[in-house]
>>> print(open('run_38.txt').read())   # compact mmCIF, C-alpha atoms and all ligand atoms
# COMPACT_ATOMS: atom_id res chain seq x y z
CA MET A 1141 362.14 -9.67 -40.33
CA ARG A 1142 360.15 -9.85 -37.11
CA VAL A 1143 356.41 -9.70 -37.63
CA GLY A 1144 354.04 -9.31 -34.68
CA LEU A 1145 350.66 -10.84 -35.55
CA THR A 1146 347.72 -10.02 -33.36
CA GLY A 1147 343.95 -9.70 -33.33
CA GLY A 1148 341.03 -10.18 -30.98
CA ILE A 1149 339.99 -13.56 -29.66
CA GLY A 1150 338.74 -15.77 -32.50
CA SER A 1151 339.63 -13.16 -35.14
CA GLY A 1152 341.64 -15.68 -37.17
CA LYS A 1153 345.24 -15.32 -35.94
CA SER A 1154 345.95 -19.06 -35.99
CA THR A 1155 344.40 -19.36 -39.43
CA VAL A 1156 346.53 -16.49 -40.77
CA SER A 1157 349.65 -17.92 -39.05
CA ALA A 1158 349.07 -21.27 -40.73
CA LEU A 1159 348.64 -19.62 -44.14
CA LEU A 1160 351.83 -17.62 -43.62
CA ALA A 1161 353.69 -20.77 -42.54
CA GLU A 1162 352.56 -22.47 -45.79
CA ARG A 1163 354.13 -19.57 -47.67
CA GLY A 1164 357.44 -19.92 -45.88
CA ALA A 1165 357.20 -17.92 -42.66
CA VAL A 1166 358.57 -19.29 -39.40
CA VAL A 1167 355.73 -19.00 -36.89
CA ILE A 1168 356.38 -18.60 -33.18
CA ASP A 1169 353.26 -19.09 -31.10
CA SER A 1170 353.67 -17.80 -27.55
CA ASP A 1171 350.66 -19.77 -26.25
CA LEU A 1172 352.20 -22.97 -27.57
CA LEU A 1173 355.60 -22.10 -26.09
CA SER A 1174 354.06 -21.32 -22.71
CA ARG A 1175 352.80 -24.91 -22.65
CA GLU A 1176 356.10 -26.35 -23.90
CA VAL A 1177 358.20 -24.72 -21.21
CA VAL A 1178 356.24 -26.51 -18.45
CA GLU A 1179 356.16 -29.98 -19.99
CA PRO A 1180 357.23 -32.82 -17.68
CA GLY A 1181 360.99 -32.85 -17.12
CA THR A 1182 361.50 -29.12 -17.78
CA GLU A 1183 363.07 -26.62 -15.41
CA GLY A 1184 359.86 -24.62 -15.91
CA LEU A 1185 357.66 -27.31 -14.40
CA ALA A 1186 360.15 -27.82 -11.56
CA ALA A 1187 359.99 -24.08 -10.76
CA VAL A 1188 356.17 -24.05 -10.87
CA VAL A 1189 355.99 -27.02 -8.49
CA ALA A 1190 358.58 -25.42 -6.17
CA ARG A 1191 356.37 -22.32 -5.93
CA PHE A 1192 352.86 -23.83 -5.97
CA GLY A 1193 353.32 -27.37 -4.64
CA ASP A 1194 352.49 -30.85 -5.93
CA GLY A 1195 348.79 -29.96 -5.99
CA VAL A 1196 349.29 -28.40 -9.44
CA LEU A 1197 350.31 -31.78 -10.92
CA ASP A 1198 347.87 -34.35 -12.24
CA ALA A 1199 348.18 -38.12 -11.69
CA ASP A 1200 350.56 -38.38 -14.68
CA GLY A 1201 352.88 -35.69 -13.34
CA ARG A 1202 351.75 -33.16 -15.94
CA LEU A 1203 350.73 -29.62 -15.11
CA ASP A 1204 347.09 -29.54 -14.00
CA ARG A 1205 346.10 -26.28 -15.72
CA PRO A 1206 342.65 -25.93 -14.14
CA ALA A 1207 344.18 -26.39 -10.65
CA LEU A 1208 346.89 -23.82 -11.33
CA GLY A 1209 344.36 -21.54 -13.01
CA ALA A 1210 342.16 -21.61 -9.89
CA ILE A 1211 345.12 -20.48 -7.75
CA VAL A 1212 346.33 -17.64 -9.94
CA PHE A 1213 342.83 -16.45 -10.86
CA ALA A 1214 342.15 -15.68 -7.21
CA ASP A 1215 345.56 -14.28 -6.28
CA ASP A 1216 347.41 -11.52 -8.16
CA ALA A 1217 350.74 -12.16 -6.42
CA ALA A 1218 350.53 -15.83 -7.40
CA ARG A 1219 349.76 -14.86 -11.00
CA ARG A 1220 352.77 -12.54 -11.07
CA ASP A 1221 354.98 -15.30 -9.64
CA LEU A 1222 353.76 -17.69 -12.33
CA GLU A 1223 354.40 -15.11 -15.05
CA ALA A 1224 357.88 -14.47 -13.63
CA ILE A 1225 358.62 -18.17 -14.09
CA VAL A 1226 356.99 -18.73 -17.48
CA HIS A 1227 357.61 -15.48 -19.40
CA PRO A 1228 361.44 -15.49 -19.32
CA LEU A 1229 361.44 -19.15 -20.42
CA VAL A 1230 359.06 -18.36 -23.28
CA ARG A 1231 361.19 -15.37 -24.32
CA ALA A 1232 364.37 -17.47 -24.25
CA ARG A 1233 362.80 -20.25 -26.31
CA ALA A 1234 361.39 -17.72 -28.82
CA ALA A 1235 364.83 -16.13 -29.17
CA GLU A 1236 366.38 -19.55 -29.74
CA LEU A 1237 363.82 -20.38 -32.47
CA GLU A 1238 364.39 -16.99 -34.04
CA ARG A 1239 368.17 -17.50 -34.14
CA ALA A 1240 367.66 -20.94 -35.69
CA ALA A 1241 365.39 -19.42 -38.37
CA GLY A 1242 368.24 -17.23 -39.61
CA GLU A 1243 368.57 -13.58 -40.62
CA ASP A 1244 366.60 -13.80 -43.85
CA ALA A 1245 363.55 -15.52 -42.43
CA VAL A 1246 360.18 -13.87 -42.02
CA VAL A 1247 359.50 -14.72 -38.39
CA VAL A 1248 355.86 -14.31 -37.38
CA HIS A 1249 355.11 -14.02 -33.68
CA ASP A 1250 351.48 -14.84 -32.86
CA VAL A 1251 350.86 -12.61 -29.83
CA PRO A 1252 347.20 -12.36 -28.78
CA LEU A 1253 347.68 -9.38 -26.43
CA LEU A 1254 350.39 -7.55 -28.40
CA VAL A 1255 348.58 -4.20 -28.36
CA GLU A 1256 347.23 -4.55 -24.81
CA THR A 1257 350.75 -5.23 -23.48
CA GLY A 1258 352.33 -2.37 -25.43
CA GLN A 1259 354.71 -4.48 -27.48
CA THR A 1260 354.27 -2.84 -30.88
CA ASP A 1261 357.84 -1.47 -30.87
CA ALA A 1262 359.30 -4.94 -30.42
CA TYR A 1263 358.47 -5.85 -34.05
CA ASP A 1264 359.50 -4.56 -37.47
CA VAL A 1265 355.96 -4.95 -38.72
CA VAL A 1266 352.67 -5.27 -36.81
CA VAL A 1267 349.89 -7.17 -38.59
CA VAL A 1268 346.37 -7.07 -37.16
CA VAL A 1269 343.65 -9.55 -38.11
CA ASP A 1270 340.42 -7.61 -37.95
CA VAL A 1271 336.80 -8.74 -37.92
CA PRO A 1272 333.57 -7.00 -36.95
CA THR A 1273 332.60 -7.83 -33.36
CA GLU A 1274 329.41 -9.60 -34.46
CA THR A 1275 331.39 -11.93 -36.76
CA GLN A 1276 333.82 -12.61 -33.92
CA VAL A 1277 330.92 -13.51 -31.58
CA GLU A 1278 329.28 -15.67 -34.25
CA ARG A 1279 332.50 -17.67 -34.91
CA LEU A 1280 333.25 -18.12 -31.21
CA VAL A 1281 329.73 -19.38 -30.58
CA GLN A 1282 329.32 -21.54 -33.69
CA GLN A 1283 332.84 -22.91 -34.14
CA ARG A 1284 334.13 -22.96 -30.58
CA GLY A 1285 330.85 -23.69 -28.80
CA MET A 1286 331.38 -20.69 -26.49
CA ALA A 1287 328.36 -19.18 -24.74
CA GLU A 1288 327.48 -15.84 -26.36
CA VAL A 1289 327.71 -13.98 -23.04
CA ASP A 1290 331.23 -15.36 -22.46
CA ALA A 1291 332.32 -14.49 -26.00
CA ARG A 1292 331.13 -10.89 -25.52
CA ALA A 1293 332.83 -10.63 -22.10
CA ARG A 1294 336.14 -11.87 -23.51
CA ILE A 1295 335.95 -9.42 -26.40
CA THR A 1296 335.12 -6.51 -24.08
CA ALA A 1297 338.14 -7.33 -21.88
CA GLN A 1298 340.48 -6.86 -24.85
CA ALA A 1299 341.55 -3.76 -26.80
CA THR A 1300 338.92 -2.22 -29.07
CA ARG A 1301 339.12 -2.82 -32.81
CA GLU A 1302 340.01 0.85 -33.32
CA ARG A 1303 342.88 0.75 -30.86
CA ARG A 1304 344.26 -2.44 -32.37
CA THR A 1305 343.98 -1.41 -36.02
CA GLY A 1306 345.44 1.98 -35.06
CA ALA A 1307 348.63 0.18 -34.00
CA ALA A 1308 348.86 -1.87 -37.20
CA ASP A 1309 351.21 -1.52 -40.15
CA HIS A 1310 348.97 -3.94 -42.05
CA VAL A 1311 345.37 -4.91 -41.39
CA VAL A 1312 344.12 -8.27 -42.66
CA ASP A 1313 340.34 -8.12 -42.95
CA ASN A 1314 338.84 -11.51 -42.05
CA THR A 1315 335.18 -10.61 -42.51
CA GLY A 1316 334.79 -12.74 -45.63
CA SER A 1317 335.28 -16.39 -46.54
CA LEU A 1318 338.42 -18.43 -45.98
CA GLU A 1319 339.10 -18.10 -49.74
CA GLU A 1320 339.08 -14.33 -49.41
CA LEU A 1321 341.36 -14.56 -46.38
CA THR A 1322 343.78 -16.71 -48.38
CA GLN A 1323 343.95 -14.00 -51.05
CA SER A 1324 344.58 -11.30 -48.44
CA VAL A 1325 347.38 -13.40 -46.96
CA ASP A 1326 348.89 -13.82 -50.43
CA SER A 1327 349.07 -10.08 -50.85
CA LEU A 1328 350.40 -9.63 -47.30
CA TRP A 1329 353.12 -12.20 -48.01
CA GLU A 1330 353.99 -10.36 -51.22
CA THR A 1331 354.36 -7.12 -49.25
CA LEU A 1332 356.45 -8.74 -46.51
CA THR A 1333 358.85 -10.41 -48.92
CA SER A 1334 359.29 -7.71 -51.57
P1 LIG A 1401 342.19 -17.34 -30.49
O1 LIG A 1401 342.20 -15.91 -30.17
O2 LIG A 1401 341.17 -18.08 -29.70
O3 LIG A 1401 343.54 -18.00 -30.48
P2 LIG A 1401 342.40 -17.01 -33.35
O4 LIG A 1401 342.43 -15.53 -33.50
O5 LIG A 1401 343.68 -17.75 -33.50
O6 LIG A 1401 341.66 -17.43 -32.03
P3 LIG A 1401 341.31 -18.84 -35.29
O7 LIG A 1401 341.41 -20.02 -34.40
O8 LIG A 1401 342.24 -18.75 -36.45
O9 LIG A 1401 341.34 -17.49 -34.44
O10 LIG A 1401 339.83 -18.68 -35.86
C1 LIG A 1401 338.70 -18.76 -34.98
C2 LIG A 1401 337.66 -19.71 -35.58
O11 LIG A 1401 337.08 -19.10 -36.75
C3 LIG A 1401 338.27 -21.02 -36.05
O12 LIG A 1401 337.32 -22.04 -35.82
C4 LIG A 1401 338.50 -20.79 -37.54
O13 LIG A 1401 338.47 -21.99 -38.28
C5 LIG A 1401 337.33 -19.90 -37.90
N1 LIG A 1401 337.60 -18.96 -39.00
C6 LIG A 1401 338.69 -18.18 -39.16
N2 LIG A 1401 338.57 -17.42 -40.26
C7 LIG A 1401 337.37 -17.73 -40.81
C8 LIG A 1401 336.65 -17.26 -41.97
N3 LIG A 1401 337.13 -16.33 -42.78
N4 LIG A 1401 335.43 -17.80 -42.20
C9 LIG A 1401 334.91 -18.74 -41.36
N5 LIG A 1401 335.52 -19.21 -40.27
C10 LIG A 1401 336.73 -18.71 -39.98
>>> encode(input="run_38.txt", output="structure tokens")
Amino acid sequence: MRVGLTGGIGSGKSTVSALLAERGAVVIDSDLLSREVVEPGTEGLAAVVARFGDGVLDADGRLDRPALGAIVFADDAARRDLEAIVHPLVRARAAELERAAGEDAVVVHDVPLLVETGQTDAYDVVVVVDVPTETQVERLVQQRGMAEVDARARITAQATRERRTGAADHVVDNTGSLEELTQSVDSLWETLTS
């Protein structure tokens, strides 16, 4: 089964993914894969350097993310070129991991912008981690050290809670404690595997 897991920034996606992994799910994290496919020695990094030059490498020959970020932030065509390099590699790696997991596995894809990018149909089940905006802001500020104004700007740039939960087959409410979240994930796992 292919599960698409999403939620706003800092809503608790990684926490839910980890709890699902403990219960036996195979988790595929697209953010993690997008870093893996440009590690030193990969065809991904070679393609990025061919397009953007050696200036996007640090002294150790690793991708200098801030340098690359500065280029693509200011230039839409550059951002599209970067996506055209990275996205197919991420998709191929995800497909490979999915094949390796086998037919009976519950494969959870952690996709931050699943709703925003219109990918709901790509999954058998869409799970949304939902928190009130104020809780989201509080956690981003207290646990991530983000400035409140930045946290609010990031949240505003994403889909609204209503739009996201409207696209969900299951909503995991993460307003409460981590203990409560663990119980919600238990019942989600029960639903997914029964
Ligand atoms: P991002 O969108 O940045 O990838 P995320 O949706 O994966 O974030 P997490 O990293 O799982 O969110 O959670 C955000 C922060 O809130 C983390 O520091 C996490 O430990 C904390 N957190 C998650 N759930 C709870 C909870 N129920 N109570 C308190 N803190 C929580």
>>> closest_residue(input="run_38.txt", among="A:Glu1179, A:Glu1288, A:Asp1309, A:Asp1244", to="A:Asp1204", atoms="only C-alpha atoms")
A:Glu1179
>>> residues_around(input="run_38.txt", residues="stretch 1144-1148 of chain A", least_positions_apart="2", cutoff="8 Å", atoms="only C-alpha atoms", output="ChimeraX atom specification")
/A:1142,1150-1153,1157,1248-1255,1260,1263-1270,1295,1298-1299,1301,1304
>>> closest_residue(input="run_38.txt", among="A:Glu1274, A:Glu1319, A:Asp1221, A:Glu1330", to="ligand LIG 1401 (chain A)", atoms="all atoms listed in the file")
A:Glu1319
>>> residues_around(input="run_38.txt", residues="A:Val1212", least_positions_apart="5", cutoff="9 Å", atoms="only C-alpha atoms", output="ChimeraX atom specification")
/A:1217-1222
>>> residues_around(input="run_38.txt", residues="A:Ser1334", least_positions_apart="6", cutoff="12 Å", atoms="all atoms listed in the file", output="PDB file with C-alpha atoms, in the frame of the given file")
ATOM      1  CA  MET A1141     362.140  -9.670 -40.330  1.00  0.00           C
ATOM      2  CA  VAL A1246     360.180 -13.870 -42.020  1.00  0.00           C
ATOM      3  CA  SER A1327     349.070 -10.080 -50.850  1.00  0.00           C
ATOM      4  CA  LEU A1328     350.400  -9.630 -47.300  1.00  0.00           C
TER       5      LEU A1328
END
>>> axis_aligned_box(input="run_38.txt", around="stretch 1213-1230 of chain A", padding_each_side="3 Å", output="AutoDock Vina command-line options")
--center_x 351.8 --center_y -15.3 --center_z -14.8 --size_x 25.3 --size_y 13.6 --size_z 23.0
>>> closest_residue(input="run_38.txt", among="A:Ile1149, A:Asp1194, A:Ala1308, A:Thr1155", to="A:Asp1290", atoms="all atoms listed in the file")
A:Ile1149
>>> atom_distance(input="run_38.txt", atom1="atom CA of A:Ser1174", atom2="atom CA of A:Val1226")
6.5 Å
>>> closest_residue(input="run_38.txt", among="A:Gly1184, A:Pro1206, A:Pro1272, A:Gly1316", to="A:Ala1232", atoms="only C-alpha atoms")
A:Gly1184
>>> closest_residue(input="run_38.txt", among="A:Asp1198, A:Glu1320, A:Glu1236, A:Asp1215", to="ligand LIG 1401 (chain A)", atoms="all atoms listed in the file")
A:Glu1320
>>> closest_residue(input="run_38.txt", among="A:Ala1241, A:Val1196, A:Glu1278, A:Leu1229", to="A:Glu1176", atoms="only C-alpha atoms")
A:Leu1229
>>> decode(input="run_38.txt", residues="stretch 1175-1329 of chain A", atoms="C-alpha atoms", output="PDB file, in the first residue's frame")
ATOM      1  CA  ARG A1175      20.036  15.184  -0.537  1.00  0.00           C
ATOM      2  CA  GLU A1176      21.177  11.620  -1.257  1.00  0.00           C
ATOM      3  CA  VAL A1177      20.960  11.968  -5.022  1.00  0.00           C
ATOM      4  CA  VAL A1178      23.502  14.829  -4.997  1.00  0.00           C
ATOM      5  CA  GLU A1179      26.049  13.295  -2.635  1.00  0.00           C
ATOM      6  CA  PRO A1180      29.665  13.367  -3.854  1.00  0.00           C
ATOM      7  CA  GLY A1181      30.279  10.824  -6.609  1.00  0.00           C
ATOM      8  CA  THR A1182      26.662  10.731  -7.844  1.00  0.00           C
ATOM      9  CA  GLU A1183      25.478  11.450 -11.370  1.00  0.00           C
ATOM     10  CA  GLY A1184      23.137  13.976  -9.711  1.00  0.00           C
ATOM     11  CA  LEU A1185      25.978  16.082  -8.363  1.00  0.00           C
ATOM     12  CA  ALA A1186      27.824  15.832 -11.693  1.00  0.00           C
ATOM     13  CA  ALA A1187      24.709  17.149 -13.498  1.00  0.00           C
ATOM     14  CA  VAL A1188      24.266  20.008 -11.005  1.00  0.00           C
ATOM     15  CA  VAL A1189      27.912  21.059 -11.428  1.00  0.00           C
ATOM     16  CA  ALA A1190      27.628  20.804 -15.233  1.00  0.00           C
ATOM     17  CA  ARG A1191      24.678  23.224 -15.124  1.00  0.00           C
ATOM     18  CA  PHE A1192      25.701  25.598 -12.313  1.00  0.00           C
ATOM     19  CA  GLY A1193      29.501  25.402 -12.219  1.00  0.00           C
ATOM     20  CA  ASP A1194      32.085  24.593  -9.549  1.00  0.00           C
ATOM     21  CA  GLY A1195      30.886  27.554  -7.477  1.00  0.00           C
ATOM     22  CA  VAL A1196      28.142  25.342  -6.019  1.00  0.00           C
ATOM     23  CA  LEU A1197      30.730  23.014  -4.428  1.00  0.00           C
ATOM     24  CA  ASP A1198      32.318  23.597  -1.039  1.00  0.00           C
ATOM     25  CA  ALA A1199      35.999  22.990  -0.241  1.00  0.00           C
ATOM     26  CA  ASP A1200      35.280  19.279   0.377  1.00  0.00           C
ATOM     27  CA  GLY A1201      33.584  18.831  -2.994  1.00  0.00           C
ATOM     28  CA  ARG A1202      30.131  18.574  -1.428  1.00  0.00           C
ATOM     29  CA  LEU A1203      27.137  20.525  -2.635  1.00  0.00           C
ATOM     30  CA  ASP A1204      27.148  24.005  -1.102  1.00  0.00           C
ATOM     31  CA  ARG A1205      23.397  24.319  -0.497  1.00  0.00           C
ATOM     32  CA  PRO A1206      23.373  28.004   0.500  1.00  0.00           C
ATOM     33  CA  ALA A1207      25.329  28.889  -2.686  1.00  0.00           C
ATOM     34  CA  LEU A1208      22.976  26.881  -4.879  1.00  0.00           C
ATOM     35  CA  GLY A1209      19.987  28.210  -2.956  1.00  0.00           C
ATOM     36  CA  ALA A1210      21.071  31.800  -3.652  1.00  0.00           C
ATOM     37  CA  ILE A1211      21.187  31.063  -7.402  1.00  0.00           C
ATOM     38  CA  VAL A1212      17.842  29.311  -7.721  1.00  0.00           C
ATOM     39  CA  PHE A1213      16.045  31.651  -5.309  1.00  0.00           C
ATOM     40  CA  ALA A1214      16.738  34.563  -7.637  1.00  0.00           C
ATOM     41  CA  ASP A1215      16.154  32.789 -10.949  1.00  0.00           C
ATOM     42  CA  ASP A1216      13.065  30.728 -11.850  1.00  0.00           C
ATOM     43  CA  ALA A1217      14.671  29.131 -14.911  1.00  0.00           C
ATOM     44  CA  ALA A1218      17.610  28.006 -12.778  1.00  0.00           C
ATOM     45  CA  ARG A1219      15.217  26.556 -10.196  1.00  0.00           C
ATOM     46  CA  ARG A1220      13.360  24.646 -12.906  1.00  0.00           C
ATOM     47  CA  ASP A1221      16.667  23.318 -14.274  1.00  0.00           C
ATOM     48  CA  LEU A1222      17.650  22.146 -10.800  1.00  0.00           C
ATOM     49  CA  GLU A1223      14.283  20.466 -10.300  1.00  0.00           C
ATOM     50  CA  ALA A1224      14.599  18.794 -13.713  1.00  0.00           C
ATOM     51  CA  ILE A1225      17.857  17.247 -12.518  1.00  0.00           C
ATOM     52  CA  VAL A1226      16.869  16.308  -8.974  1.00  0.00           C
ATOM     53  CA  HIS A1227      13.200  15.262  -9.242  1.00  0.00           C
ATOM     54  CA  PRO A1228      13.613  12.375 -11.725  1.00  0.00           C
ATOM     55  CA  LEU A1229      16.510  11.014  -9.647  1.00  0.00           C
ATOM     56  CA  VAL A1230      14.423  11.220  -6.474  1.00  0.00           C
ATOM     57  CA  ARG A1231      11.487   9.515  -8.209  1.00  0.00           C
ATOM     58  CA  ALA A1232      13.736   6.725  -9.519  1.00  0.00           C
ATOM     59  CA  ARG A1233      15.304   6.147  -6.099  1.00  0.00           C
ATOM     60  CA  ALA A1234      11.862   6.153  -4.419  1.00  0.00           C
ATOM     61  CA  ALA A1235      10.602   3.595  -6.947  1.00  0.00           C
ATOM     62  CA  GLU A1236      13.644   1.426  -6.296  1.00  0.00           C
ATOM     63  CA  LEU A1237      13.064   1.551  -2.511  1.00  0.00           C
ATOM     64  CA  GLU A1238       9.408   0.779  -3.043  1.00  0.00           C
ATOM     65  CA  ARG A1239      10.196  -2.272  -5.185  1.00  0.00           C
ATOM     66  CA  ALA A1240      12.667  -3.481  -2.561  1.00  0.00           C
ATOM     67  CA  ALA A1241       9.990  -3.107   0.152  1.00  0.00           C
ATOM     68  CA  GLY A1242       7.784  -5.645  -1.614  1.00  0.00           C
ATOM     69  CA  GLU A1243       4.078  -5.836  -2.463  1.00  0.00           C
ATOM     70  CA  ASP A1244       2.803  -6.356   1.069  1.00  0.00           C
ATOM     71  CA  ALA A1245       4.646  -3.459   2.666  1.00  0.00           C
ATOM     72  CA  VAL A1246       2.973  -0.320   3.926  1.00  0.00           C
ATOM     73  CA  VAL A1247       5.127   2.275   2.201  1.00  0.00           C
ATOM     74  CA  VAL A1248       4.805   5.755   3.673  1.00  0.00           C
ATOM     75  CA  HIS A1249       5.937   8.665   1.527  1.00  0.00           C
ATOM     76  CA  ASP A1250       6.661  11.796   3.579  1.00  0.00           C
ATOM     77  CA  VAL A1251       5.770  14.547   1.100  1.00  0.00           C
ATOM     78  CA  PRO A1252       5.606  18.047   2.618  1.00  0.00           C
ATOM     79  CA  LEU A1253       3.865  19.680  -0.373  1.00  0.00           C
ATOM     80  CA  LEU A1254       1.679  16.734  -1.420  1.00  0.00           C
ATOM     81  CA  VAL A1255      -1.539  18.772  -1.522  1.00  0.00           C
ATOM     82  CA  GLU A1256       0.067  21.925  -2.949  1.00  0.00           C
ATOM     83  CA  THR A1257       1.556  19.926  -5.844  1.00  0.00           C
ATOM     84  CA  GLY A1258      -1.679  18.045  -6.563  1.00  0.00           C
ATOM     85  CA  GLN A1259      -0.332  14.565  -5.915  1.00  0.00           C
ATOM     86  CA  THR A1260      -3.222  13.121  -3.919  1.00  0.00           C
ATOM     87  CA  ASP A1261      -4.127  10.644  -6.693  1.00  0.00           C
ATOM     88  CA  ALA A1262      -0.640   9.155  -6.660  1.00  0.00           C
ATOM     89  CA  TYR A1263      -1.335   7.391  -3.336  1.00  0.00           C
ATOM     90  CA  ASP A1264      -3.770   4.736  -2.132  1.00  0.00           C
ATOM     91  CA  VAL A1265      -4.256   6.612   1.113  1.00  0.00           C
ATOM     92  CA  VAL A1266      -3.529  10.243   2.025  1.00  0.00           C
ATOM     93  CA  VAL A1267      -2.773  10.927   5.691  1.00  0.00           C
ATOM     94  CA  VAL A1268      -2.641  14.512   6.918  1.00  0.00           C
ATOM     95  CA  VAL A1269      -1.017  15.542  10.200  1.00  0.00           C
ATOM     96  CA  ASP A1270      -3.039  18.484  11.431  1.00  0.00           C
ATOM     97  CA  VAL A1271      -2.341  21.065  14.131  1.00  0.00           C
ATOM     98  CA  PRO A1272      -3.856  24.461  14.887  1.00  0.00           C
ATOM     99  CA  THR A1273      -1.767  27.258  13.367  1.00  0.00           C
ATOM    100  CA  GLU A1274      -0.897  28.686  16.786  1.00  0.00           C
ATOM    101  CA  THR A1275       0.499  25.324  17.940  1.00  0.00           C
ATOM    102  CA  GLN A1276       2.487  25.082  14.706  1.00  0.00           C
ATOM    103  CA  VAL A1277       3.963  28.573  15.293  1.00  0.00           C
ATOM    104  CA  GLU A1278       4.708  27.779  18.940  1.00  0.00           C
ATOM    105  CA  ARG A1279       6.580  24.539  18.076  1.00  0.00           C
ATOM    106  CA  LEU A1280       8.540  26.150  15.242  1.00  0.00           C
ATOM    107  CA  VAL A1281       9.602  29.002  17.508  1.00  0.00           C
ATOM    108  CA  GLN A1282      10.292  27.000  20.677  1.00  0.00           C
ATOM    109  CA  GLN A1283      11.699  23.770  19.244  1.00  0.00           C
ATOM    110  CA  ARG A1284      13.291  24.966  16.023  1.00  0.00           C
ATOM    111  CA  GLY A1285      14.341  28.436  17.157  1.00  0.00           C
ATOM    112  CA  MET A1286      12.583  30.007  14.157  1.00  0.00           C
ATOM    113  CA  ALA A1287      11.606  33.684  14.338  1.00  0.00           C
ATOM    114  CA  GLU A1288       7.830  33.990  14.779  1.00  0.00           C
ATOM    115  CA  VAL A1289       7.474  36.196  11.697  1.00  0.00           C
ATOM    116  CA  ASP A1290       9.308  33.598   9.566  1.00  0.00           C
ATOM    117  CA  ALA A1291       7.209  30.752  10.960  1.00  0.00           C
ATOM    118  CA  ARG A1292       4.007  32.629  10.079  1.00  0.00           C
ATOM    119  CA  ALA A1293       5.296  33.487   6.582  1.00  0.00           C
ATOM    120  CA  ARG A1294       6.181  29.846   5.883  1.00  0.00           C
ATOM    121  CA  ILE A1295       2.779  28.672   7.083  1.00  0.00           C
ATOM    122  CA  THR A1296       0.971  31.279   4.970  1.00  0.00           C
ATOM    123  CA  ALA A1297       2.884  30.174   1.854  1.00  0.00           C
ATOM    124  CA  GLN A1298       1.501  26.637   2.219  1.00  0.00           C
ATOM    125  CA  ALA A1299      -2.004  25.200   1.727  1.00  0.00           C
ATOM    126  CA  THR A1300      -4.564  26.103   4.379  1.00  0.00           C
ATOM    127  CA  ARG A1301      -5.487  23.534   7.019  1.00  0.00           C
ATOM    128  CA  GLU A1302      -8.950  23.232   5.464  1.00  0.00           C
ATOM    129  CA  ARG A1303      -7.599  22.520   2.004  1.00  0.00           C
ATOM    130  CA  ARG A1304      -5.156  19.945   3.314  1.00  0.00           C
ATOM    131  CA  THR A1305      -7.576  18.106   5.604  1.00  0.00           C
ATOM    132  CA  GLY A1306     -10.145  18.210   2.788  1.00  0.00           C
ATOM    133  CA  ALA A1307      -7.773  16.089   0.686  1.00  0.00           C
ATOM    134  CA  ALA A1308      -7.157  13.554   3.465  1.00  0.00           C
ATOM    135  CA  ASP A1309      -8.420  10.012   3.854  1.00  0.00           C
ATOM    136  CA  HIS A1310      -7.183  10.099   7.455  1.00  0.00           C
ATOM    137  CA  VAL A1311      -6.385  13.078   9.645  1.00  0.00           C
ATOM    138  CA  VAL A1312      -3.951  12.633  12.532  1.00  0.00           C
ATOM    139  CA  ASP A1313      -4.568  15.367  15.078  1.00  0.00           C
ATOM    140  CA  ASN A1314      -1.266  16.444  16.651  1.00  0.00           C
ATOM    141  CA  THR A1315      -2.627  19.132  18.963  1.00  0.00           C
ATOM    142  CA  GLY A1316      -1.958  17.115  22.112  1.00  0.00           C
ATOM    143  CA  SER A1317       1.051  15.498  23.748  1.00  0.00           C
ATOM    144  CA  LEU A1318       3.439  13.044  22.116  1.00  0.00           C
ATOM    145  CA  GLU A1319       1.710  10.277  24.124  1.00  0.00           C
ATOM    146  CA  GLU A1320      -1.594  11.201  22.534  1.00  0.00           C
ATOM    147  CA  LEU A1321       0.033  11.277  19.112  1.00  0.00           C
ATOM    148  CA  THR A1322       1.434   7.791  19.717  1.00  0.00           C
ATOM    149  CA  GLN A1323      -2.081   6.528  20.433  1.00  0.00           C
ATOM    150  CA  SER A1324      -3.441   8.154  17.273  1.00  0.00           C
ATOM    151  CA  VAL A1325      -0.665   6.528  15.248  1.00  0.00           C
ATOM    152  CA  ASP A1326      -1.519   3.156  16.814  1.00  0.00           C
ATOM    153  CA  SER A1327      -5.080   3.459  15.609  1.00  0.00           C
ATOM    154  CA  LEU A1328      -3.944   4.713  12.188  1.00  0.00           C
ATOM    155  CA  TRP A1329      -1.623   1.708  11.882  1.00  0.00           C
TER     156      TRP A1329
END
